[in-house]
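Enquirer: I'm passing along model.cif; it holds mmCIF, C-alpha atoms and all ligand atoms.
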data_final
loop_
_atom_site.label_atom_id
_atom_site.label_comp_id
_atom_site.auth_asym_id
_atom_site.auth_seq_id
_atom_site.Cartn_x
_atom_site.Cartn_y
_atom_site.Cartn_z
CA MET A 1 111.99 -39.09 46.20
CA LYS A 2 110.85 -35.73 47.54
CA LYS A 3 109.17 -33.76 44.74
CA LYS A 4 111.99 -31.22 44.62
CA GLN A 5 115.43 -31.13 46.13
CA CYS A 6 118.15 -28.54 45.99
CA VAL A 7 121.82 -28.63 46.94
CA TRP A 8 123.99 -25.54 47.12
CA ILE A 9 127.41 -26.15 45.57
CA LEU A 10 129.85 -24.11 47.62
CA ASN A 11 132.69 -26.57 48.15
CA GLU A 12 133.85 -30.02 47.05
CA TRP A 13 131.86 -31.80 49.76
CA ASP A 14 128.70 -30.38 48.24
CA ILE A 15 129.55 -32.14 44.97
CA ILE A 16 129.54 -35.44 46.84
CA GLU A 17 126.27 -34.50 48.55
CA ALA A 18 124.60 -33.66 45.19
CA ARG A 19 125.86 -36.92 43.72
CA SER A 20 124.55 -38.93 46.61
CA LEU A 21 121.12 -37.23 46.60
CA GLY A 22 120.90 -37.88 42.86
CA LYS A 23 121.71 -41.56 43.26
CA THR A 24 119.08 -41.97 45.97
CA ALA A 25 116.47 -40.09 43.93
CA ALA A 26 117.21 -42.19 40.83
CA ARG A 27 116.98 -45.41 42.82
CA GLU A 28 113.70 -44.35 44.47
CA LEU A 29 112.22 -43.48 41.07
CA GLY A 30 113.02 -47.01 39.86
CA PHE A 31 116.07 -46.48 37.64
CA ASN A 32 118.23 -49.57 37.23
CA ALA A 33 121.81 -49.63 38.53
CA ILE A 34 123.28 -48.58 35.17
CA ASP A 35 120.99 -45.58 34.80
CA GLN A 36 121.54 -44.63 38.44
CA ALA A 37 125.26 -44.54 37.65
CA LYS A 38 124.68 -42.41 34.52
CA VAL A 39 122.59 -39.89 36.44
CA THR A 40 125.16 -39.82 39.23
CA VAL A 41 128.06 -39.15 36.85
CA ALA A 42 126.08 -36.40 35.10
CA ILE A 43 125.27 -34.64 38.38
CA SER A 44 128.85 -34.97 39.49
CA GLU A 45 130.19 -33.35 36.27
CA LEU A 46 127.69 -30.49 36.43
CA ALA A 47 128.34 -29.82 40.11
CA ARG A 48 132.10 -29.97 39.55
CA ASN A 49 131.81 -27.42 36.73
CA ILE A 50 129.77 -25.10 38.94
CA PHE A 51 132.42 -25.23 41.66
CA LYS A 52 135.34 -24.92 39.24
CA TYR A 53 134.09 -22.19 36.89
CA ALA A 54 131.43 -20.27 38.78
CA GLY A 55 132.56 -20.77 42.38
CA ARG A 56 129.03 -21.41 43.60
CA GLY A 57 125.61 -22.41 42.34
CA GLN A 58 122.87 -24.96 42.80
CA ILE A 59 121.82 -28.41 41.66
CA HIS A 60 118.06 -28.91 41.65
CA LEU A 61 116.52 -32.36 41.35
CA CYS A 62 112.91 -32.82 40.39
CA GLN A 63 110.69 -35.68 39.31
CA GLN A 64 109.26 -35.15 35.83
CA PHE A 65 106.20 -36.67 34.19
CA SER A 66 104.95 -37.32 30.67
CA GLU A 67 101.64 -39.01 29.83
CA SER A 68 103.14 -42.46 30.11
CA ASN A 69 106.48 -42.11 31.82
CA THR A 70 108.36 -40.53 34.65
CA GLY A 71 111.91 -39.36 34.97
CA LEU A 72 114.43 -37.31 36.84
CA GLN A 73 115.20 -33.72 35.93
CA VAL A 74 118.49 -32.12 36.92
CA LEU A 75 118.93 -28.36 36.78
CA ALA A 76 122.41 -26.92 37.34
CA VAL A 77 122.43 -23.15 37.80
CA ASP A 78 125.05 -20.58 38.61
CA GLN A 79 125.65 -16.88 38.22
CA GLY A 80 129.24 -17.27 37.11
CA PRO A 81 130.98 -15.89 34.01
CA GLY A 82 128.96 -17.88 31.46
CA MET A 83 130.49 -19.76 28.55
CA ASP A 84 130.50 -20.07 24.76
CA ILE A 85 127.93 -22.83 24.29
CA GLU A 86 129.08 -23.96 20.84
CA LYS A 87 132.69 -24.31 21.90
CA VAL A 88 132.11 -26.03 25.24
CA MET A 89 130.01 -28.78 23.66
CA ILE A 90 132.95 -29.89 21.51
CA ASP A 91 134.49 -33.03 22.99
CA GLY A 92 137.96 -32.13 24.26
CA TYR A 93 137.41 -28.36 24.60
CA SER A 94 138.56 -27.09 27.98
CA THR A 95 139.62 -23.71 29.32
CA SER A 96 141.20 -25.26 32.39
CA GLY A 97 143.47 -27.92 30.93
CA GLY A 98 140.86 -30.57 31.77
CA LEU A 99 139.80 -33.37 29.45
CA GLY A 100 136.91 -31.30 28.17
CA GLY A 101 134.65 -34.32 28.24
CA GLY A 102 132.33 -33.27 31.04
CA LEU A 103 129.51 -31.51 29.21
CA SER A 104 129.57 -33.67 26.08
CA GLY A 105 129.57 -36.69 28.41
CA VAL A 106 126.53 -35.41 30.31
CA LYS A 107 124.71 -34.91 27.01
CA ARG A 108 125.47 -38.49 25.99
CA LEU A 109 124.49 -40.01 29.32
CA MET A 110 121.18 -38.18 29.68
CA ASP A 111 118.10 -38.06 27.39
CA ASP A 112 117.40 -34.32 27.23
CA PHE A 113 119.95 -31.54 27.52
CA THR A 114 119.45 -27.76 27.23
CA VAL A 115 122.01 -25.06 28.02
CA THR A 116 121.55 -21.33 28.36
CA SER A 117 124.49 -19.16 29.25
CA SER A 118 125.56 -15.53 29.16
CA PRO A 119 128.07 -13.36 31.01
CA GLU A 120 125.19 -11.37 32.54
CA THR A 121 123.06 -14.23 33.85
CA GLY A 122 125.51 -17.10 34.27
CA THR A 123 124.84 -20.66 33.20
CA SER A 124 121.79 -22.86 33.44
CA ILE A 125 121.82 -26.48 32.29
CA LEU A 126 118.62 -28.49 32.28
CA THR A 127 118.99 -32.19 31.66
CA SER A 128 116.84 -35.20 32.34
CA LYS A 129 116.59 -38.94 32.10
CA TRP A 130 113.44 -40.94 31.48
CA LEU A 131 112.78 -44.26 33.13
CA GLY A 132 113.56 -47.16 30.80
CA SER A 133 115.11 -44.97 28.09
CA SER A 134 118.31 -47.01 27.91
CA THR A 135 116.38 -50.25 27.45
CA VAL A 136 114.46 -48.74 24.53
CA LEU A 137 117.70 -47.67 22.86
CA GLN A 138 119.17 -51.15 23.32
CA VAL A 139 116.14 -52.74 21.65
CA ILE A 140 116.38 -50.36 18.69
CA SER A 141 120.08 -51.06 18.15
CA PHE A 142 119.48 -54.81 18.48
CA GLU A 143 116.79 -54.71 15.78
CA HIS A 144 119.09 -52.65 13.58
CA THR A 145 121.87 -55.22 13.90
CA GLU A 146 119.46 -58.06 13.07
CA SER A 147 118.20 -56.50 9.85
CA SER A 148 121.55 -55.36 8.43
N1 LIG B 1 129.20 -23.62 34.85
C1 LIG B 1 130.11 -23.16 33.99
N2 LIG B 1 130.38 -21.82 33.94
C2 LIG B 1 131.30 -21.33 33.06
N3 LIG B 1 131.99 -22.11 32.21
C3 LIG B 1 131.76 -23.43 32.23
C4 LIG B 1 130.83 -24.03 33.12
N4 LIG B 1 130.82 -25.35 32.89
C5 LIG B 1 131.69 -25.57 31.92
N5 LIG B 1 132.28 -24.43 31.52
C6 LIG B 1 133.26 -24.26 30.42
O1 LIG B 1 133.08 -25.35 29.53
C7 LIG B 1 134.32 -26.02 29.32
C8 LIG B 1 134.05 -27.48 29.07
O2 LIG B 1 133.50 -28.07 30.25
P1 LIG B 1 133.65 -29.64 30.45
O3 LIG B 1 133.05 -30.01 31.74
O4 LIG B 1 133.15 -30.31 29.22
O5 LIG B 1 135.24 -29.86 30.48
P2 LIG B 1 136.28 -29.43 31.61
O6 LIG B 1 135.57 -29.06 32.86
O7 LIG B 1 137.18 -28.39 31.02
O8 LIG B 1 137.10 -30.77 31.79
P3 LIG B 1 136.57 -32.12 32.46
O9 LIG B 1 136.63 -33.16 31.38
O10 LIG B 1 137.52 -32.35 33.59
O11 LIG B 1 135.15 -31.90 32.92
C9 LIG B 1 135.13 -25.73 30.56
O12 LIG B 1 136.53 -25.83 30.32
C10 LIG B 1 134.71 -24.28 30.88
O13 LIG B 1 135.41 -23.36 30.07
MG MG B 2 134.03 -30.32 33.64
#
Translate the structure of the given file into structure tokens.
Ligand SMILES: Nc1ncnc2c1ncn2[C@@H]1O[C@H](COP(=O)(O)OP(=O)(O)OP(=O)(O)O)[C@@H](O)[C@H]1O
Ligand SMILES: [Mg+2]
Expert:
Amino acid sequence: MKKKQCVWILNEWDIIEARSLGKTAARELGFNAIDQAKVTVAISELARNIFKYAGRGQIHLCQQFSESNTGLQVLAVDQGPGMDIEKVMIDGYSTSGGLGGGLSGVKRLMDDFTVTSSPETGTSILTSKWLGSSTVLQVISFEHTESS
């Protein structure tokens, strides 16, 4: 993938564009089909929220590195009305009559998840997925099952 990519979210077509760029980036970084799907759903939820609640904003994609691993970082930013972080992370909480599962779902699907939000600055959500993280979790739960 290119080191950094950015999509403006101004209309519903941009949500599809962000989703598609995210899928390509995840595939190029070596994520398996399941993790590509997780990243794609996460980007889609974040972009949809930007469009729905802030009207406009951006999705930034960036490759991230640790000493021994690489991953994909997704930053969703807008200058909309902001939100009550504690409330919106509760599964089922929605101010629009939606399912209220978007943000909690993104948190579950990704490995890291940080939100900052205020009425003055808008909302910024930084989330990322590391290569191979799902496999590691599967191994841990398998070992747990074996020993109990
Ligand atoms: N970018 C944002 N700016 C302001 N408020 C937001 C933003 N994103 C989410 N919210 C608030 O957080 C709530 C929960 O968002 P979440 O995506 O979890 O559920 P939802 O959008 O209501 O429903 P859905 O399950 O269809 O996504 C929203 O109802 C909205 O009030
Ligand atoms: Mg939503």
Enquirer: Collect all residues with atoms no farther than 8 Å from ligand MG 2 (chain B), counting only C-alpha atoms and all ligand atoms, and output them as a PyMOL selection string.
Expert: chain A and resi 45-46+48-49+52+94+98-103
Enquirer: Which of these, A:Asp78, A:Asp112, A:Glu28, A:Glu67, has the shortest distance to ligand LIG 1 (chain B) once you count all atoms listed in the file?
Expert: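 Distance minimum relative to ligand LIG 1 (chain B) lands on A:Asp78.
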Enquirer: How would you write, as number ranges by chain, the set of residues no farther than 10 Å from ligand LIG 1 (chain B) when counting all atoms listed in the file?
Expert: A: 44-57, 76-107, 117-119, 122-125
Enquirer: Find, counting all atoms listed in the file, the residue in A:Val115, A:Asp35, A:Leu29, A:Ala18 that gets nearest to Gln64 of chain A.
Expert: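 Checking each of A:Val115, A:Asp35, A:Leu29, A:Ala18 against Gln64 of chain A, counting all atoms listed in the file, the winner is A:Leu29.
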Enquirer: To one decimal in Å, tell me the separation between atom CA of Gln5 of chain A and atom CA of Phe113 of chain A.
Expert: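 Between atom CA of Gln5 of chain A and atom CA of Phe113 of chain A the gap works out to 19.2 Å.
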Enquirer: Please provide as a list in words all residues within 9 Å of Gln36 of chain A, with the sequence filter that same-chain residues fewer than 3 positions apart are discarded (counting all atoms listed in the file).
Expert: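 Those residues are Gly22, Lys23, Thr24, Ala25, Ala26, Arg27, Gly30, Phe31, Asn32, Ala33, Val39, Thr40 and Val41 of chain A.
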Enquirer: Name the closest residue to Arg19 of chain A among the candidates A:Thr114, A:Leu109, A:Leu61, A:Thr127; distances are taken between atoms, counting all atoms listed in the file.
Expert: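 Among the listed residues, the smallest separation from Arg19 of chain A belongs to A:Leu61.
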Enquirer: For the atom pair atom CA of Ile34 of chain A and atom CA of Leu10 of chain A, what is the interatomic distance in Å to one decimal place?
Expert: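 So the answer is 28.2 Å.
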Enquirer: Could you state the separation of atom CA of Ala37 of chain A and atom CA of Lys129 of chain A in Å, given to one decimal place?
Expert: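 Distance between the two atoms: 11.7 Å.
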Enquirer: May I ask which of the residues A:Ile15, A:Ala42, A:Lys2, A:Ser68 is the closest one to Asp111 of chain A, counting only C-alpha atoms?
Expert: A:Ala42
Enquirer: Mind listing as a list of chain:residue names all residues within 8 Å of (114.8, -37.2, 34.8), counting all atoms listed in the file?
Expert: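 Residues found, by chain and rising number: A:Cys62, A:Gln63, A:Gln64, A:Thr70, A:Gly71, A:Leu72, A:Gln73, A:Val74, A:Thr127, A:Ser128, A:Lys129, A:Trp130, A:Leu131.
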Enquirer: Name the closest residue to Ser20 of chain A among the candidates A:Ile43, A:Lys38, A:Glu120, A:Met1; distances are taken between atoms, counting all atoms listed in the file.
Expert: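 Once distances to Ser20 of chain A are computed over all atoms listed in the file, the minimum belongs to A:Ile43.
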Enquirer: Name the residues in contact with Trp8 of chain A at a cut-off of 7 Å, using all atoms listed in the file, excluding same-chain residues fewer than 3 positions from it; report them as a PDB file with C-alpha atoms, in the coordinates of the input.
Expert:
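Contents of part_26.pdb, freshly written:
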ATOM      1  CA  ASP A  14     128.700 -30.380  48.240  1.00  0.00           C
ATOM      2  CA  GLY A  57     125.610 -22.410  42.340  1.00  0.00           C
ATOM      3  CA  GLN A  58     122.870 -24.960  42.800  1.00  0.00           C
ATOM      4  CA  ILE A  59     121.820 -28.410  41.660  1.00  0.00           C
TER       5      ILE A  59
END
